[in-house]
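Q: Provided below: query29.cif, containing mmCIF, C-alpha atoms.
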```cif
data_query
#
loop_
_atom_site.label_atom_id
_atom_site.label_comp_id
_atom_site.auth_asym_id
_atom_site.auth_seq_id
_atom_site.Cartn_x
_atom_site.Cartn_y
_atom_site.Cartn_z
CA MET A 1169 108.55 -73.06 122.02
CA LYS A 1170 108.34 -76.82 122.64
CA THR A 1171 111.00 -78.68 124.58
CA VAL A 1172 112.29 -81.87 122.97
CA TYR A 1173 113.41 -84.62 125.34
CA VAL A 1174 116.29 -86.74 124.06
CA GLY A 1175 117.76 -89.26 126.45
CA LYS A 1176 118.38 -87.29 129.65
CA LEU A 1177 118.58 -83.97 127.81
CA LYS A 1178 116.03 -81.23 127.33
CA LEU A 1179 116.57 -79.44 124.03
CA GLY A 1180 114.99 -76.09 123.32
CA GLY A 1181 112.19 -74.41 125.18
CA ASP A 1182 111.94 -71.02 126.83
CA ARG A 1183 115.24 -69.71 128.22
CA ALA A 1184 116.93 -73.05 127.60
CA PRO A 1185 120.71 -73.24 127.08
CA LEU A 1186 122.10 -73.51 123.58
CA PHE A 1187 122.48 -77.18 122.68
CA VAL A 1188 125.21 -78.70 120.55
CA ILE A 1189 125.09 -81.47 117.95
CA ALA A 1190 128.65 -82.23 116.87
CA GLY A 1191 131.02 -84.93 115.69
CA PRO A 1192 132.87 -86.11 112.59
CA CYS A 1193 131.07 -86.20 109.26
CA VAL A 1194 131.41 -89.96 108.88
CA ILE A 1195 132.70 -92.89 110.93
CA GLU A 1196 136.25 -93.33 109.65
CA SER A 1197 137.38 -95.52 112.54
CA GLU A 1198 136.30 -96.42 116.05
CA ALA A 1199 139.37 -94.65 117.46
CA LEU A 1200 138.51 -91.38 115.70
CA VAL A 1201 134.92 -91.50 116.89
CA MET A 1202 135.81 -92.22 120.51
CA LYS A 1203 138.54 -89.56 120.65
CA THR A 1204 136.26 -86.90 119.17
CA ALA A 1205 133.33 -87.83 121.40
CA GLU A 1206 135.49 -87.75 124.54
CA THR A 1207 136.81 -84.29 123.69
CA LEU A 1208 133.40 -82.85 122.87
CA VAL A 1209 131.77 -84.33 125.98
CA GLU A 1210 134.42 -82.68 128.13
CA ILE A 1211 134.09 -79.31 126.37
CA CYS A 1212 130.29 -79.19 126.53
CA SER A 1213 130.24 -80.36 130.14
CA THR A 1214 132.67 -77.59 131.10
CA LEU A 1215 130.60 -74.98 129.25
CA GLY A 1216 127.25 -76.24 130.52
CA LEU A 1217 125.92 -77.00 127.03
CA PRO A 1218 123.62 -79.98 126.37
CA TYR A 1219 125.44 -82.23 123.92
CA VAL A 1220 124.43 -84.79 121.28
CA PHE A 1221 127.11 -86.78 119.45
CA LYS A 1222 126.70 -86.87 115.67
CA CYS A 1223 128.28 -89.19 113.10
CA SER A 1224 127.15 -90.95 109.92
CA PHE A 1225 127.46 -94.69 109.31
CA ASP A 1226 126.97 -94.17 105.57
CA LYS A 1227 127.39 -91.12 103.36
CA ALA A 1228 125.02 -92.07 100.58
CA ASN A 1229 125.09 -88.67 98.88
CA ARG A 1230 128.77 -88.35 97.91
CA THR A 1231 129.58 -86.50 94.70
CA ALA A 1232 131.58 -89.38 93.17
CA GLY A 1233 130.47 -92.98 93.28
CA ASP A 1234 133.82 -94.28 94.50
CA SER A 1235 134.14 -91.81 97.42
CA PHE A 1236 134.43 -93.16 100.97
CA ARG A 1237 131.00 -93.81 102.48
CA GLY A 1238 131.63 -95.29 105.92
CA PRO A 1239 131.46 -98.69 107.61
CA GLY A 1240 127.80 -99.40 106.89
CA LEU A 1241 124.80 -99.92 109.12
CA LYS A 1242 125.78 -102.91 111.26
CA LYS A 1243 129.32 -101.88 112.11
CA GLY A 1244 128.33 -98.24 112.36
CA MET A 1245 125.62 -98.91 114.92
CA ALA A 1246 128.04 -100.98 117.00
CA ILE A 1247 130.45 -98.03 117.17
CA LEU A 1248 127.71 -95.51 117.98
CA ALA A 1249 126.40 -97.81 120.70
CA LYS A 1250 129.87 -97.80 122.21
CA VAL A 1251 129.81 -93.99 122.31
CA LYS A 1252 126.53 -94.07 124.22
CA ARG A 1253 127.82 -96.62 126.73
CA ALA A 1254 131.14 -94.88 127.28
CA PHE A 1255 129.96 -91.29 127.57
CA GLY A 1256 126.24 -91.43 128.36
CA VAL A 1257 125.26 -88.94 125.67
CA PRO A 1258 122.48 -89.12 123.07
CA VAL A 1259 123.54 -90.01 119.54
CA LEU A 1260 122.33 -88.75 116.15
CA THR A 1261 122.83 -90.31 112.74
CA ASP A 1262 121.26 -89.77 109.35
CA VAL A 1263 119.16 -92.30 107.48
CA HIS A 1264 118.73 -92.50 103.72
CA GLU A 1265 116.36 -95.42 103.24
CA THR A 1266 113.23 -96.56 105.06
CA GLY A 1267 114.82 -99.90 105.95
CA GLN A 1268 117.57 -98.17 107.92
CA CYS A 1269 115.21 -96.41 110.32
CA LYS A 1270 114.27 -99.26 112.65
CA PRO A 1271 117.79 -100.66 113.23
CA ALA A 1272 119.23 -97.16 113.58
CA ALA A 1273 116.55 -96.29 116.13
CA GLU A 1274 117.59 -99.24 118.28
CA VAL A 1275 120.81 -97.34 119.01
CA CYS A 1276 120.33 -93.69 118.08
CA ASP A 1277 118.21 -91.14 119.91
CA ILE A 1278 117.75 -88.84 116.91
CA LEU A 1279 117.24 -89.88 113.29
CA GLN A 1280 118.22 -87.21 110.82
CA ILE A 1281 116.58 -86.68 107.45
CA PRO A 1282 119.23 -85.36 105.03
CA ALA A 1283 118.48 -82.08 103.30
CA PHE A 1284 118.28 -83.67 99.86
CA LEU A 1285 115.62 -86.08 101.20
CA CYS A 1286 113.44 -83.67 103.19
CA ARG A 1287 110.52 -84.23 100.80
CA GLN A 1288 110.74 -88.03 100.87
CA THR A 1289 107.46 -88.89 102.56
CA ASP A 1290 108.12 -92.60 103.12
CA LEU A 1291 111.50 -91.91 104.74
CA ILE A 1292 110.18 -89.20 107.07
CA GLU A 1293 107.23 -91.35 108.11
CA ALA A 1294 109.42 -94.40 108.72
CA ALA A 1295 111.72 -92.36 110.94
CA ALA A 1296 108.79 -90.88 112.86
CA LYS A 1297 107.16 -94.28 113.40
CA THR A 1298 110.22 -95.47 115.36
CA GLY A 1299 109.25 -93.06 118.14
CA ARG A 1300 112.65 -91.41 118.05
CA CYS A 1301 113.21 -87.69 117.65
CA VAL A 1302 113.38 -86.72 113.97
CA ASN A 1303 115.74 -83.96 112.86
CA VAL A 1304 114.65 -82.68 109.46
CA LYS A 1305 117.25 -80.72 107.55
CA LYS A 1306 115.67 -78.07 105.35
CA GLY A 1307 116.63 -78.71 101.75
CA GLN A 1308 118.84 -76.24 99.92
CA PHE A 1309 115.96 -75.86 97.48
CA LEU A 1310 113.23 -75.25 100.07
CA ALA A 1311 111.75 -72.00 101.36
CA PRO A 1312 111.82 -71.83 105.18
CA ALA A 1313 108.03 -71.74 105.50
CA ASP A 1314 107.72 -74.92 103.42
CA ILE A 1315 109.30 -76.99 106.18
CA ARG A 1316 105.77 -77.14 107.59
CA HIS A 1317 105.01 -80.02 105.22
CA ALA A 1318 107.81 -82.15 106.67
CA ILE A 1319 106.50 -81.38 110.15
CA ASP A 1320 103.03 -82.53 109.12
CA LYS A 1321 104.47 -85.79 107.79
CA VAL A 1322 106.12 -86.50 111.15
CA THR A 1323 103.11 -85.61 113.29
CA GLY A 1324 100.72 -87.25 110.84
CA VAL A 1325 102.03 -90.71 111.80
CA GLY A 1326 102.25 -89.97 115.51
CA GLY A 1327 105.69 -88.42 115.77
CA LYS A 1328 105.95 -86.18 118.82
CA SER A 1329 109.58 -85.05 118.80
CA ILE A 1330 111.02 -82.86 116.03
CA LEU A 1331 114.07 -80.71 115.40
CA LEU A 1332 114.39 -78.49 112.32
CA THR A 1333 117.77 -77.64 110.83
CA GLU A 1334 118.75 -74.75 108.60
CA ARG A 1335 121.80 -75.47 106.38
CA GLY A 1336 121.87 -72.80 103.71
CA SER A 1337 120.20 -72.40 100.33
CA SER A 1338 121.46 -72.94 96.79
CA PHE A 1339 122.83 -69.73 95.32
CA GLY A 1340 123.40 -70.35 91.65
CA TYR A 1341 125.84 -73.13 90.81
CA GLY A 1342 128.45 -74.29 93.31
CA ASN A 1343 127.56 -72.05 96.21
CA LEU A 1344 125.21 -71.68 99.16
CA VAL A 1345 123.99 -68.63 101.04
CA THR A 1346 122.36 -68.50 104.47
CA ASP A 1347 119.33 -66.27 104.93
CA MET A 1348 119.15 -65.74 108.68
CA ARG A 1349 115.45 -64.90 108.36
CA ALA A 1350 114.96 -68.65 108.00
CA ILE A 1351 115.63 -69.17 111.70
CA PRO A 1352 112.77 -67.08 113.14
CA ILE A 1353 110.47 -68.23 110.33
CA MET A 1354 111.11 -71.91 111.12
CA ARG A 1355 110.83 -71.28 114.87
CA GLU A 1356 107.28 -70.02 114.32
CA PHE A 1357 106.22 -73.66 113.93
CA GLY A 1358 107.02 -74.20 117.60
CA TRP A 1359 109.85 -76.74 117.31
CA PRO A 1360 113.51 -76.10 118.20
CA VAL A 1361 115.62 -74.88 115.29
CA VAL A 1362 119.24 -75.92 114.76
CA PHE A 1363 121.79 -74.13 112.62
CA ASP A 1364 124.19 -76.36 110.67
CA ALA A 1365 127.29 -74.21 110.48
CA THR A 1366 129.59 -76.52 108.53
CA HIS A 1367 127.25 -77.67 105.76
CA SER A 1368 126.17 -74.06 105.23
CA VAL A 1369 129.66 -73.20 103.97
CA GLN A 1370 129.79 -75.98 101.40
CA MET A 1371 130.57 -75.24 97.76
CA PRO A 1372 128.94 -78.15 95.90
CA GLY A 1373 130.13 -79.44 92.58
CA GLN A 1374 133.84 -78.61 92.85
CA GLY A 1375 134.98 -81.48 90.67
CA ARG A 1376 134.90 -84.91 92.34
CA ILE A 1377 134.36 -83.58 95.86
CA THR A 1378 132.30 -80.89 97.51
CA GLY A 1379 134.38 -77.85 98.39
CA GLY A 1380 133.81 -75.27 101.06
CA ASP A 1381 135.30 -72.63 103.33
CA ARG A 1382 135.49 -73.69 106.98
CA ARG A 1383 136.70 -70.21 107.98
CA MET A 1384 133.17 -68.94 107.54
CA ALA A 1385 131.45 -71.58 109.69
CA PRO A 1386 132.07 -69.82 113.03
CA VAL A 1387 131.02 -66.51 111.47
CA LEU A 1388 127.68 -67.90 110.32
CA ALA A 1389 127.20 -69.76 113.62
CA ARG A 1390 127.57 -66.51 115.55
CA ALA A 1391 125.01 -64.84 113.32
CA ALA A 1392 122.60 -67.76 113.65
CA VAL A 1393 122.80 -67.79 117.44
CA ALA A 1394 122.16 -64.04 117.45
CA ALA A 1395 119.18 -64.68 115.16
CA GLY A 1396 117.70 -67.02 117.77
CA CYS A 1397 118.54 -70.61 116.89
CA ASP A 1398 118.10 -73.11 119.72
CA GLY A 1399 121.06 -75.34 118.86
CA VAL A 1400 124.09 -75.58 116.61
CA PHE A 1401 125.25 -78.46 114.44
CA ILE A 1402 128.98 -78.56 113.75
CA GLU A 1403 131.05 -81.26 112.10
CA THR A 1404 134.52 -81.48 113.58
CA HIS A 1405 137.62 -83.61 113.07
CA PRO A 1406 141.05 -83.78 114.72
CA ASN A 1407 142.65 -83.20 111.31
CA PRO A 1408 140.02 -81.95 108.84
CA ASP A 1409 142.38 -81.82 105.87
CA LYS A 1410 142.78 -85.61 106.22
CA ALA A 1411 139.05 -86.26 106.65
CA LYS A 1412 137.47 -88.72 104.25
CA SER A 1413 134.30 -86.62 103.82
CA ASP A 1414 133.63 -82.87 103.97
CA ALA A 1415 137.31 -82.13 104.54
CA ALA A 1416 136.92 -78.52 103.40
CA ASN A 1417 134.17 -77.72 105.87
CA GLN A 1418 134.86 -79.50 109.13
CA ILE A 1419 136.20 -77.50 112.06
CA PRO A 1420 139.48 -78.57 113.70
CA LEU A 1421 138.64 -80.25 116.99
CA ALA A 1422 141.21 -78.08 118.76
CA GLN A 1423 139.16 -74.96 117.92
CA MET A 1424 135.83 -76.22 119.24
CA LYS A 1425 136.12 -75.00 122.83
CA GLU A 1426 136.80 -71.41 121.78
CA ILE A 1427 134.01 -71.45 119.19
CA LEU A 1428 131.42 -72.96 121.55
CA THR A 1429 132.38 -70.58 124.34
CA THR A 1430 131.65 -67.63 122.08
CA LEU A 1431 128.35 -69.12 120.91
CA ARG A 1432 127.30 -69.82 124.48
CA ASP A 1433 128.02 -66.23 125.46
CA ILE A 1434 126.08 -64.78 122.52
CA HIS A 1435 123.13 -67.03 123.32
CA GLY A 1436 123.22 -65.86 126.92
CA VAL A 1437 122.91 -62.24 125.83
CA ILE A 1438 119.83 -62.75 123.67
CA GLN A 1439 117.90 -64.96 126.10
#
```
I need this file expressed as structure tokens, please.

A:
Amino acid sequence: MKTVYVGKLKLGGDRAPLFVIAGPCVIESEALVMKTAETLVEICSTLGLPYVFKCSFDKANRTAGDSFRGPGLKKGMAILAKVKRAFGVPVLTDVHETGQCKPAAEVCDILQIPAFLCRQTDLIEAAAKTGRCVNVKKGQFLAPADIRHAIDKVTGVGGKSILLTERGSSFGYGNLVTDMRAIPIMREFGWPVVFDATHSVQMPGQGRITGGDRRMAPVLARAAVAAGCDGVFIETHPNPDKAKSDAANQIPLAQMKEILTTLRDIHGVIQ
């Protein structure tokens, strides 16, 4: 298993600690971002877990056209840069268009390819050409073994740092199911595999917003760690019911220490 170097962190590799990618779904305000980052940095430092802060500057794939999307690229990058300066942690954000990759890479350590866009060749190549780590989310419509084609697109243009993320598969209309076999299958390609606990419990197409069941996110995360994932991806918010995106799926920030403690302990058993 390869080790991916992001900032000062080493992610994945043989007998490496479980790493954590976590933060709010979208930048709602600078105050929210800073509060959440500060809390998560303290938790992960206490637990000895490598930590990457995650937040989106633009949610371009909302169900309804008038849903909140975020502050946009310029303001969003300024806030994420402040997180890096204040806490010294790597930062991840997702990109939706090729033109976003270069400016996002000037701040962010990891560029994430959204699941719906995991077959978009130009976007993947543009992200890889920045030299930053590329986290490819496996599409809900994709078989685990087919993620190899996204890997080839990254390495084909010189990309040398890849994370792969499992986030559930479409199960009829309005539901997702997670096949834990995806984790060992994706790990066979030699890159660290992340499990996205909160997007895996989404229930798409519930009217004007995507629904979900956050109660199941810790359950699936425990199963994924037991199945051998290298890292976990969890969206969290101080008050999820008031969140402007993915309200039904985000984990209350106050619960994160207990959840991550359990995941750390499970990971320690299987190492």

Q: Env of Met1384 (chain A): 12 Å cut, atoms = all atoms listed in the file, seq-sep filter 4 positions within chain, self excluded. Answer as a list in words.

A: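 Skipping anything fewer than 4 positions along the chain leaves Leu1344, Val1345, Thr1346, Ala1365, Thr1366, His1367, Ser1368, Val1369, Gln1370, Met1371, Gly1380, Leu1388, Ala1389, Arg1390, Ala1391, Ala1416, Asn1417, Gln1418, Ile1419 and Ile1427 of chain A.
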
Q: Which is closer to Cys1286 (chain A) than all the others in A:Ile1319, A:Met1245, A:Ala1205, A:Val1362, using all atoms listed in the file?

A: A:Ile1319

Q: If you take all atoms listed in the file and a cut-off of 12 Å, which residues of region 1221-1269 of chain A touch region 1294-1309 of chain A, and what are their nearest atom pairs and distances in Å to one decimal, in chain and number order, as JSON lines?

A:
```
{"residue": "A:Lys1222", "atom": "CA", "partner": "A:Asn1303", "partner_atom": "CA", "distance": 11.7}
{"residue": "A:Pro1258", "atom": "CA", "partner": "A:Cys1301", "partner_atom": "CA", "distance": 10.8}
{"residue": "A:Val1259", "atom": "CA", "partner": "A:Cys1301", "partner_atom": "CA", "distance": 10.8}
{"residue": "A:Leu1260", "atom": "CA", "partner": "A:Asn1303", "partner_atom": "CA", "distance": 8.8}
{"residue": "A:Thr1261", "atom": "CA", "partner": "A:Asn1303", "partner_atom": "CA", "distance": 9.5}
{"residue": "A:Asp1262", "atom": "CA", "partner": "A:Asn1303", "partner_atom": "CA", "distance": 8.7}
{"residue": "A:Val1263", "atom": "CA", "partner": "A:Ala1295", "partner_atom": "CA", "distance": 8.2}
{"residue": "A:His1264", "atom": "CA", "partner": "A:Ala1295", "partner_atom": "CA", "distance": 10.1}
{"residue": "A:Glu1265", "atom": "CA", "partner": "A:Ala1294", "partner_atom": "CA", "distance": 8.9}
{"residue": "A:Thr1266", "atom": "CA", "partner": "A:Ala1294", "partner_atom": "CA", "distance": 5.7}
{"residue": "A:Gly1267", "atom": "CA", "partner": "A:Ala1294", "partner_atom": "CA", "distance": 8.2}
{"residue": "A:Gln1268", "atom": "CA", "partner": "A:Ala1295", "partner_atom": "CA", "distance": 8.8}
{"residue": "A:Cys1269", "atom": "CA", "partner": "A:Ala1295", "partner_atom": "CA", "distance": 5.4}
```

Q: Could you list, as a ChimeraX atom specification, every residue within 12 Å of region 1429-1435 of chain A, counting all atoms listed in the file and ignoring same-chain residues fewer than 6 positions away?

A: /A:1183-1188,1211-1218,1363,1365,1385-1402,1423

Q: Figure out the distance between CA of Asp1364 (chain A) and CA of Ser1338 (chain A), please, to one decimal in Å.

A: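 Interatomic distance here is 14.6 Å.
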
Q: For the file shown, what are the residues hit by the PyMOL selection byres ((chain A and resi 1412) around 9), laid out as a PyMOL selection string?

A: chain A and resi 1193-1194+1196+1235-1238+1408-1411+1413-1415

Q: Report, in Å to a single decimal, how far apart CA of Met1169 (chain A) and CA of Glu1334 (chain A) are.

A: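 CA of Met1169 (chain A) lies at a distance of 16.9 Å from CA of Glu1334 (chain A).
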
Q: The PyMOL selection byres ((chain A and resi 1331) around 6) on the file shown: which residues, as a list in words?

A: Asn1303, Ile1330, Leu1332 and Pro1360 of chain A

Q: Keeping only C-alpha atoms, write those residues as a JSON list (two decimals), keeping the file's coordinate frame.

A:
```
[["chain", "number", "residue", "atom", "x", "y", "z"],
["A", 1303, "ASN", "CA", 115.74, -83.96, 112.86],
["A", 1330, "ILE", "CA", 111.02, -82.86, 116.03],
["A", 1332, "LEU", "CA", 114.39, -78.49, 112.32],
["A", 1360, "PRO", "CA", 113.51, -76.10, 118.20]]
```

Q: Can you work out which one of A:Ala1273, A:Ile1195, A:Lys1176, A:Ile1292 has the shortest atom-to-atom distance to Gly1327 (chain A), counting only C-alpha atoms?

A: A:Ile1292

Q: Choose the residue, out of A:Ile1315, A:Met1354, A:Leu1279, A:Val1201, that has the smallest atom-to-atom separation from Ala1254 (chain A); count only C-alpha atoms.

A: A:Val1201

Q: Using all atoms listed in the file, pick whichever of A:Gly1180, A:Gly1336, A:Pro1271, A:Pro1239 has the shortest atom-to-atom distance to Arg1349 (chain A).

A: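 Among A:Gly1180, A:Gly1336, A:Pro1271, A:Pro1239, it is A:Gly1336 that comes nearest to Arg1349 (chain A).
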
Q: What gap, in Å, lies between CA of Phe1255 (chain A) and CA of Val1209 (chain A)?

A: 7.4 Å

Q: With all atoms listed in the file as the atoms that count, which of A:Pro1192, A:Ala1313, A:Gly1175, A:Gly1326 lies nearest to Ala1350 (chain A)?

A: A:Ala1313

Q: Restricting the calculation to all atoms listed in the file: of A:Ser1197, A:Thr1171, A:Thr1323, A:Thr1207, which residue gets closest to Lys1425 (chain A)?

A: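 Checking each candidate against Lys1425 (chain A), we get A:Thr1207 as the closest.
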